[in-house]
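Asker: Have a look at this one before I ask anything.
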Amino acid sequence: MGTQDIEVVKKHGGDVKAIIDELNKAFSDEWLAYYQYWIGSQIAEGLMRPDVQKELMEHANEELEHAGKLADRIISLGGVPVIEPKDWYKFTNCGYDAPTNPSTVELLKQNIKGEQCAIEVYKNLATFCHKKDSVTVHLAHSIMRDEVEHEQDLEDLQRDIAYLKK
């Protein structure tokens with residue numbers, strides 16, 4: 001826990017508990033996104049399967065990194081990351097969209113939707129912490145940049161598959 005970190009947030013009018021709550025929501029989202037990507041990569045079938053699997057695994061690993069960064073920030077503010085996986089569902093902003101259809105086309109569509117939600121989450125987190133917690137704002141912008149890149153990667157694969165179908 002960073003005593004100075006907490007004091008700076010409080011000094012700038014930030015509600016440390018509310019920031020920790022928002023960070024825990026994003027933390028829960030990242031764990032659910034990790035699993036959604038990971039399991040999708042395992043079950044993928046259809047056009048460009050190896051490319052889609054590779055991209056989904058890459059994104060899964062990056063979502064796991066995001067969860068680690070969020071956990072570090074939560075702890076530095078004196079909080080505790082959500083410790084029970086079942087509680088991820090209580091806190092999530094974006095939910096979990098079980099990949100019940102293994103089609104690469106459907107998996108891409110599903111994960112693009114998830115990335116779009118994540119982009120909104122980090123945009124809102126940055127706005128929520130604006131002028132109150134610059135460290136969390138920087139973290140939110142950094143993760144949002146990754147999520148924007150993820151959306152683009154998935155949309156590129158989606159276009160490639162559509163081109164192959166012609």
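In the structure tokens, chains take the letters A, B, ... in the order shown, each chain's residues start at 1, and ligands count up from 1 in the order shown.
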Counting only C-alpha atoms, which residues in range 4-85 of chain A sit no more than 10 Å from range 135-143 of chain A? For each one, give the nearest pair of atoms and the distance in Å, sorted by chain then residue number, as a Markdown table.
Answerer:
```
| residue | atom | partner | partner_atom | distance |
| --- | --- | --- | --- | --- |
| A:Asp5 | CA | A:Val135 | CA | 8.8 |
| A:Val9 | CA | A:Val135 | CA | 9.2 |
| A:Ile19 | CA | A:Thr136 | CA | 8.5 |
| A:Ile20 | CA | A:Thr136 | CA | 9.9 |
| A:Leu23 | CA | A:Thr136 | CA | 8.6 |
| A:Ala26 | CA | A:Ala140 | CA | 9.6 |
| A:Glu62 | CA | A:Ile143 | CA | 9.4 |
| A:Glu63 | CA | A:Ile143 | CA | 9.1 |
| A:Glu65 | CA | A:Ile143 | CA | 9.6 |
| A:His66 | CA | A:Ile143 | CA | 6.7 |
| A:Ala67 | CA | A:Ile143 | CA | 10.0 |
| A:Lys69 | CA | A:Leu139 | CA | 8.0 |
| A:Leu70 | CA | A:Leu139 | CA | 8.1 |
| A:Arg73 | CA | A:Thr136 | CA | 7.4 |
| A:Ile74 | CA | A:Thr136 | CA | 9.5 |
```
Asker: Leaving out range 93-99 of chain A and any residue of its chain fewer than 3 positions from it, which residues lie within 9 Å of it when counting only C-alpha atoms, given as a compact mmCIF listing (two decimals) with all heavy atoms, in the first residue's frame?
Answerer:
```
# COMPACT_ATOMS: atom_id res chain seq x y z
N LYS A 25 -14.00 -3.73 -10.71
CA LYS A 25 -14.91 -4.07 -11.81
C LYS A 25 -14.08 -4.37 -13.07
O LYS A 25 -14.32 -5.38 -13.75
CB LYS A 25 -15.89 -2.94 -12.07
CG LYS A 25 -16.93 -2.76 -11.00
CD LYS A 25 -17.81 -1.56 -11.32
CE LYS A 25 -18.78 -1.27 -10.19
NZ LYS A 25 -19.59 -0.06 -10.49
N ALA A 26 -13.13 -3.50 -13.36
CA ALA A 26 -12.27 -3.72 -14.54
C ALA A 26 -11.43 -4.99 -14.37
O ALA A 26 -11.24 -5.75 -15.32
CB ALA A 26 -11.38 -2.50 -14.77
N SER A 28 -12.27 -7.65 -12.72
CA SER A 28 -13.18 -8.78 -12.97
C SER A 28 -13.40 -8.97 -14.47
O SER A 28 -13.40 -10.10 -14.97
CB SER A 28 -14.51 -8.55 -12.26
OG SER A 28 -14.32 -8.51 -10.86
N ASP A 29 -13.59 -7.87 -15.18
CA ASP A 29 -13.75 -7.92 -16.64
C ASP A 29 -12.55 -8.59 -17.29
O ASP A 29 -12.69 -9.41 -18.21
CB ASP A 29 -13.88 -6.52 -17.23
CG ASP A 29 -15.22 -5.87 -16.98
OD1 ASP A 29 -16.22 -6.60 -16.78
OD2 ASP A 29 -15.26 -4.62 -16.98
N LEU A 32 -12.49 -12.38 -16.81
CA LEU A 32 -13.51 -13.04 -17.64
C LEU A 32 -13.11 -12.97 -19.12
O LEU A 32 -13.31 -13.94 -19.87
CB LEU A 32 -14.88 -12.40 -17.40
CG LEU A 32 -15.46 -12.68 -16.01
CD1 LEU A 32 -16.69 -11.82 -15.75
CD2 LEU A 32 -15.78 -14.15 -15.82
N ALA A 33 -12.53 -11.84 -19.53
CA ALA A 33 -12.07 -11.72 -20.92
C ALA A 33 -10.93 -12.70 -21.19
O ALA A 33 -10.88 -13.33 -22.26
CB ALA A 33 -11.60 -10.29 -21.20
N TYR A 35 -10.46 -15.62 -19.86
CA TYR A 35 -10.99 -16.96 -20.04
C TYR A 35 -11.77 -17.08 -21.35
O TYR A 35 -11.66 -18.08 -22.06
CB TYR A 35 -11.86 -17.39 -18.85
CG TYR A 35 -12.27 -18.84 -18.99
CD1 TYR A 35 -11.32 -19.84 -18.82
CD2 TYR A 35 -13.56 -19.20 -19.34
CE1 TYR A 35 -11.66 -21.18 -18.98
CE2 TYR A 35 -13.90 -20.53 -19.50
CZ TYR A 35 -12.95 -21.51 -19.33
OH TYR A 35 -13.28 -22.83 -19.50
N GLN A 36 -12.53 -16.05 -21.68
CA GLN A 36 -13.30 -16.09 -22.93
C GLN A 36 -12.36 -16.22 -24.13
O GLN A 36 -12.61 -17.02 -25.04
CB GLN A 36 -14.15 -14.82 -23.05
CG GLN A 36 -15.07 -14.84 -24.27
CD GLN A 36 -16.04 -13.67 -24.24
OE1 GLN A 36 -16.58 -13.33 -23.20
NE2 GLN A 36 -16.25 -13.07 -25.39
N TYR A 37 -11.28 -15.48 -24.13
CA TYR A 37 -10.30 -15.60 -25.22
C TYR A 37 -9.62 -16.97 -25.20
O TYR A 37 -9.46 -17.61 -26.23
CB TYR A 37 -9.22 -14.52 -25.10
CG TYR A 37 -9.57 -13.23 -25.78
CD1 TYR A 37 -9.62 -12.04 -25.07
CD2 TYR A 37 -9.83 -13.18 -27.15
CE1 TYR A 37 -9.91 -10.84 -25.70
CE2 TYR A 37 -10.13 -12.00 -27.78
CZ TYR A 37 -10.17 -10.84 -27.06
OH TYR A 37 -10.46 -9.66 -27.69
N ILE A 39 -10.53 -19.92 -23.87
CA ILE A 39 -11.36 -21.06 -24.25
C ILE A 39 -11.75 -20.97 -25.72
O ILE A 39 -11.81 -21.98 -26.42
CB ILE A 39 -12.60 -21.22 -23.32
CG1 ILE A 39 -13.21 -22.62 -23.46
CG2 ILE A 39 -13.65 -20.17 -23.56
CD1 ILE A 39 -12.36 -23.74 -22.98
N GLY A 40 -11.97 -19.77 -26.22
CA GLY A 40 -12.27 -19.59 -27.64
C GLY A 40 -11.13 -20.09 -28.51
O GLY A 40 -11.35 -20.72 -29.55
N ILE A 43 -11.29 -23.96 -28.76
CA ILE A 43 -12.40 -24.63 -29.46
C ILE A 43 -12.64 -24.13 -30.88
O ILE A 43 -13.50 -24.67 -31.57
CB ILE A 43 -13.71 -24.50 -28.65
CG1 ILE A 43 -14.16 -23.04 -28.57
CG2 ILE A 43 -13.56 -25.12 -27.27
CD1 ILE A 43 -15.57 -22.86 -28.06
N TRP A 88 -16.42 -12.35 -9.70
CA TRP A 88 -16.17 -11.60 -10.94
C TRP A 88 -17.50 -11.26 -11.62
O TRP A 88 -17.66 -10.20 -12.19
CB TRP A 88 -15.28 -12.38 -11.89
CG TRP A 88 -13.89 -12.62 -11.37
CD1 TRP A 88 -13.22 -11.90 -10.42
CD2 TRP A 88 -13.01 -13.66 -11.78
NE1 TRP A 88 -11.97 -12.45 -10.22
CE2 TRP A 88 -11.81 -13.52 -11.04
CE3 TRP A 88 -13.11 -14.70 -12.70
CZ2 TRP A 88 -10.72 -14.37 -11.21
CZ3 TRP A 88 -12.02 -15.54 -12.86
CH2 TRP A 88 -10.84 -15.38 -12.12
N TYR A 89 -18.46 -12.18 -11.53
CA TYR A 89 -19.77 -11.96 -12.15
C TYR A 89 -20.54 -10.84 -11.46
O TYR A 89 -21.33 -10.16 -12.10
CB TYR A 89 -20.60 -13.24 -12.15
CG TYR A 89 -20.05 -14.28 -13.10
CD1 TYR A 89 -19.23 -15.30 -12.64
CD2 TYR A 89 -20.36 -14.23 -14.46
CE1 TYR A 89 -18.71 -16.24 -13.52
CE2 TYR A 89 -19.85 -15.18 -15.33
CZ TYR A 89 -19.03 -16.17 -14.86
OH TYR A 89 -18.52 -17.10 -15.73
N LYS A 90 -20.31 -10.65 -10.17
CA LYS A 90 -20.99 -9.57 -9.44
C LYS A 90 -20.45 -8.20 -9.84
O LYS A 90 -21.18 -7.22 -9.84
CB LYS A 90 -20.79 -9.74 -7.93
CG LYS A 90 -21.46 -10.94 -7.33
CD LYS A 90 -21.14 -10.99 -5.84
CE LYS A 90 -21.51 -12.33 -5.25
NZ LYS A 90 -21.05 -12.46 -3.86
N PRO A 102 -18.31 -22.50 -31.88
CA PRO A 102 -16.87 -22.48 -32.11
C PRO A 102 -16.43 -21.88 -33.46
O PRO A 102 -15.24 -21.80 -33.74
CB PRO A 102 -16.48 -23.96 -32.03
CG PRO A 102 -17.70 -24.68 -32.50
CD PRO A 102 -18.86 -23.86 -31.99
N GLU A 106 -18.03 -16.43 -35.60
CA GLU A 106 -18.79 -16.08 -34.40
C GLU A 106 -17.87 -15.68 -33.25
O GLU A 106 -18.19 -14.75 -32.49
CB GLU A 106 -19.70 -17.24 -33.98
CG GLU A 106 -20.85 -17.47 -34.93
CD GLU A 106 -21.72 -16.22 -35.13
OE1 GLU A 106 -22.08 -15.56 -34.13
OE2 GLU A 106 -22.00 -15.89 -36.30
N LEU A 107 -16.75 -16.36 -33.09
CA LEU A 107 -15.81 -16.02 -32.03
C LEU A 107 -15.28 -14.59 -32.21
O LEU A 107 -15.17 -13.84 -31.24
CB LEU A 107 -14.65 -17.01 -31.98
CG LEU A 107 -14.99 -18.42 -31.52
CD1 LEU A 107 -13.79 -19.35 -31.72
CD2 LEU A 107 -15.44 -18.43 -30.06
N GLN A 110 -18.07 -12.09 -31.35
CA GLN A 110 -18.27 -12.08 -29.91
C GLN A 110 -17.17 -11.28 -29.19
O GLN A 110 -17.44 -10.48 -28.30
CB GLN A 110 -18.26 -13.53 -29.45
CG GLN A 110 -18.56 -13.79 -28.03
CD GLN A 110 -18.60 -15.30 -27.79
OE1 GLN A 110 -17.77 -16.05 -28.29
NE2 GLN A 110 -19.55 -15.73 -27.00
N ASN A 111 -15.93 -11.50 -29.60
CA ASN A 111 -14.82 -10.84 -28.94
C ASN A 111 -14.68 -9.37 -29.34
O ASN A 111 -14.21 -8.56 -28.54
CB ASN A 111 -13.53 -11.62 -29.15
CG ASN A 111 -13.51 -12.87 -28.29
OD1 ASN A 111 -13.49 -12.80 -27.08
ND2 ASN A 111 -13.57 -14.03 -28.93
N GLY A 114 -16.87 -7.65 -26.99
CA GLY A 114 -16.20 -7.54 -25.69
C GLY A 114 -15.17 -6.43 -25.66
O GLY A 114 -15.06 -5.69 -24.68
N CYS A 117 -16.84 -3.04 -25.41
CA CYS A 117 -17.25 -2.79 -24.03
C CYS A 117 -16.04 -2.38 -23.19
O CYS A 117 -16.10 -1.40 -22.43
CB CYS A 117 -17.92 -4.02 -23.42
SG CYS A 117 -18.48 -3.74 -21.72
N ALA A 118 -14.92 -3.07 -23.34
CA ALA A 118 -13.71 -2.77 -22.57
C ALA A 118 -13.22 -1.35 -22.86
O ALA A 118 -12.79 -0.63 -21.95
CB ALA A 118 -12.62 -3.79 -22.88
N VAL A 121 -15.27 0.92 -20.85
CA VAL A 121 -14.94 0.80 -19.43
C VAL A 121 -13.73 1.67 -19.10
O VAL A 121 -13.74 2.44 -18.13
CB VAL A 121 -14.67 -0.67 -19.04
CG1 VAL A 121 -14.00 -0.77 -17.67
CG2 VAL A 121 -15.96 -1.46 -19.06
```
Asker: As number ranges by chain, please: every residue in range 63-146 of chain A that a backbone DSSP assignment puts in alpha helix (DSSP H).
Answerer: A: 63-76, 88-91, 104-129, 134-146
Asker: Could you work out how far CA of Gly14 in chain A lies from CA of Phe91 in chain A, giving the answer in Å with one decimal?
Answerer: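 Result for CA of Phe91 in chain A versus CA of Gly14 in chain A: 20.6 Å, one decimal.
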Asker: Counting only C-alpha atoms, which of A:Glu84, A:Glu55, A:Glu120, A:Asp133 gets nearest to Asp156 in chain A?
Answerer: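 Ranked by minimum distance to Asp156 in chain A, first place goes to A:Glu55.
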Asker: Give me the range 78-151 of chain A side of the contact with range 47-52 of chain A, cut-off 8 Å, one line per residue showing its nearest atom pair and distance in Å at one decimal, counting only C-alpha atoms, sorted by chain and residue number, as JSON lines.
Answerer:
```
{"residue": "A:Thr104", "atom": "CA", "partner": "A:Arg49", "partner_atom": "CA", "distance": 6.4}
{"residue": "A:Val105", "atom": "CA", "partner": "A:Leu47", "partner_atom": "CA", "distance": 7.8}
{"residue": "A:Leu108", "atom": "CA", "partner": "A:Val52", "partner_atom": "CA", "distance": 8.0}
```
Asker: So, counting only C-alpha atoms, which residue among A:Lys131, A:Lys17, A:Lys113, A:Lys54 is closest to Glu147 in chain A?
Answerer: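 Closest to Glu147 in chain A of all the choices is A:Lys113.
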Asker: Restricting the calculation to only C-alpha atoms: of A:His12, A:Lys165, A:Arg159, A:His150, which residue gets closest to Asn61 in chain A?
Answerer: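 So, comparing all the options, the nearest one is A:His150.
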Asker: So which one's closest to Ala60 in chain A, A:Tyr34, A:Glu7, A:Ile83, A:Glu45? Using only C-alpha atoms, please.
Answerer: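 For Ala60 in chain A, the nearest of the given residues is A:Tyr34.
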Asker: Quick check, in Å to one decimal: how far apart do CA of Phe128 in chain A and CA of Phe27 in chain A lie?
Answerer: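 These atoms are spaced 16.0 Å apart.
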Asker: So, counting only C-alpha atoms, which residue among A:Asp146, A:Gln158, A:Asp21, A:Leu164 is closest to Gly79 in chain A?
Answerer: A:Asp21
Asker: Choose the residue, out of A:Leu77, A:Ala44, A:Ala71, A:Ala18, that has the smallest atom-to-atom separation from Ile6 in chain A; count only C-alpha atoms.
Answerer: A:Leu77
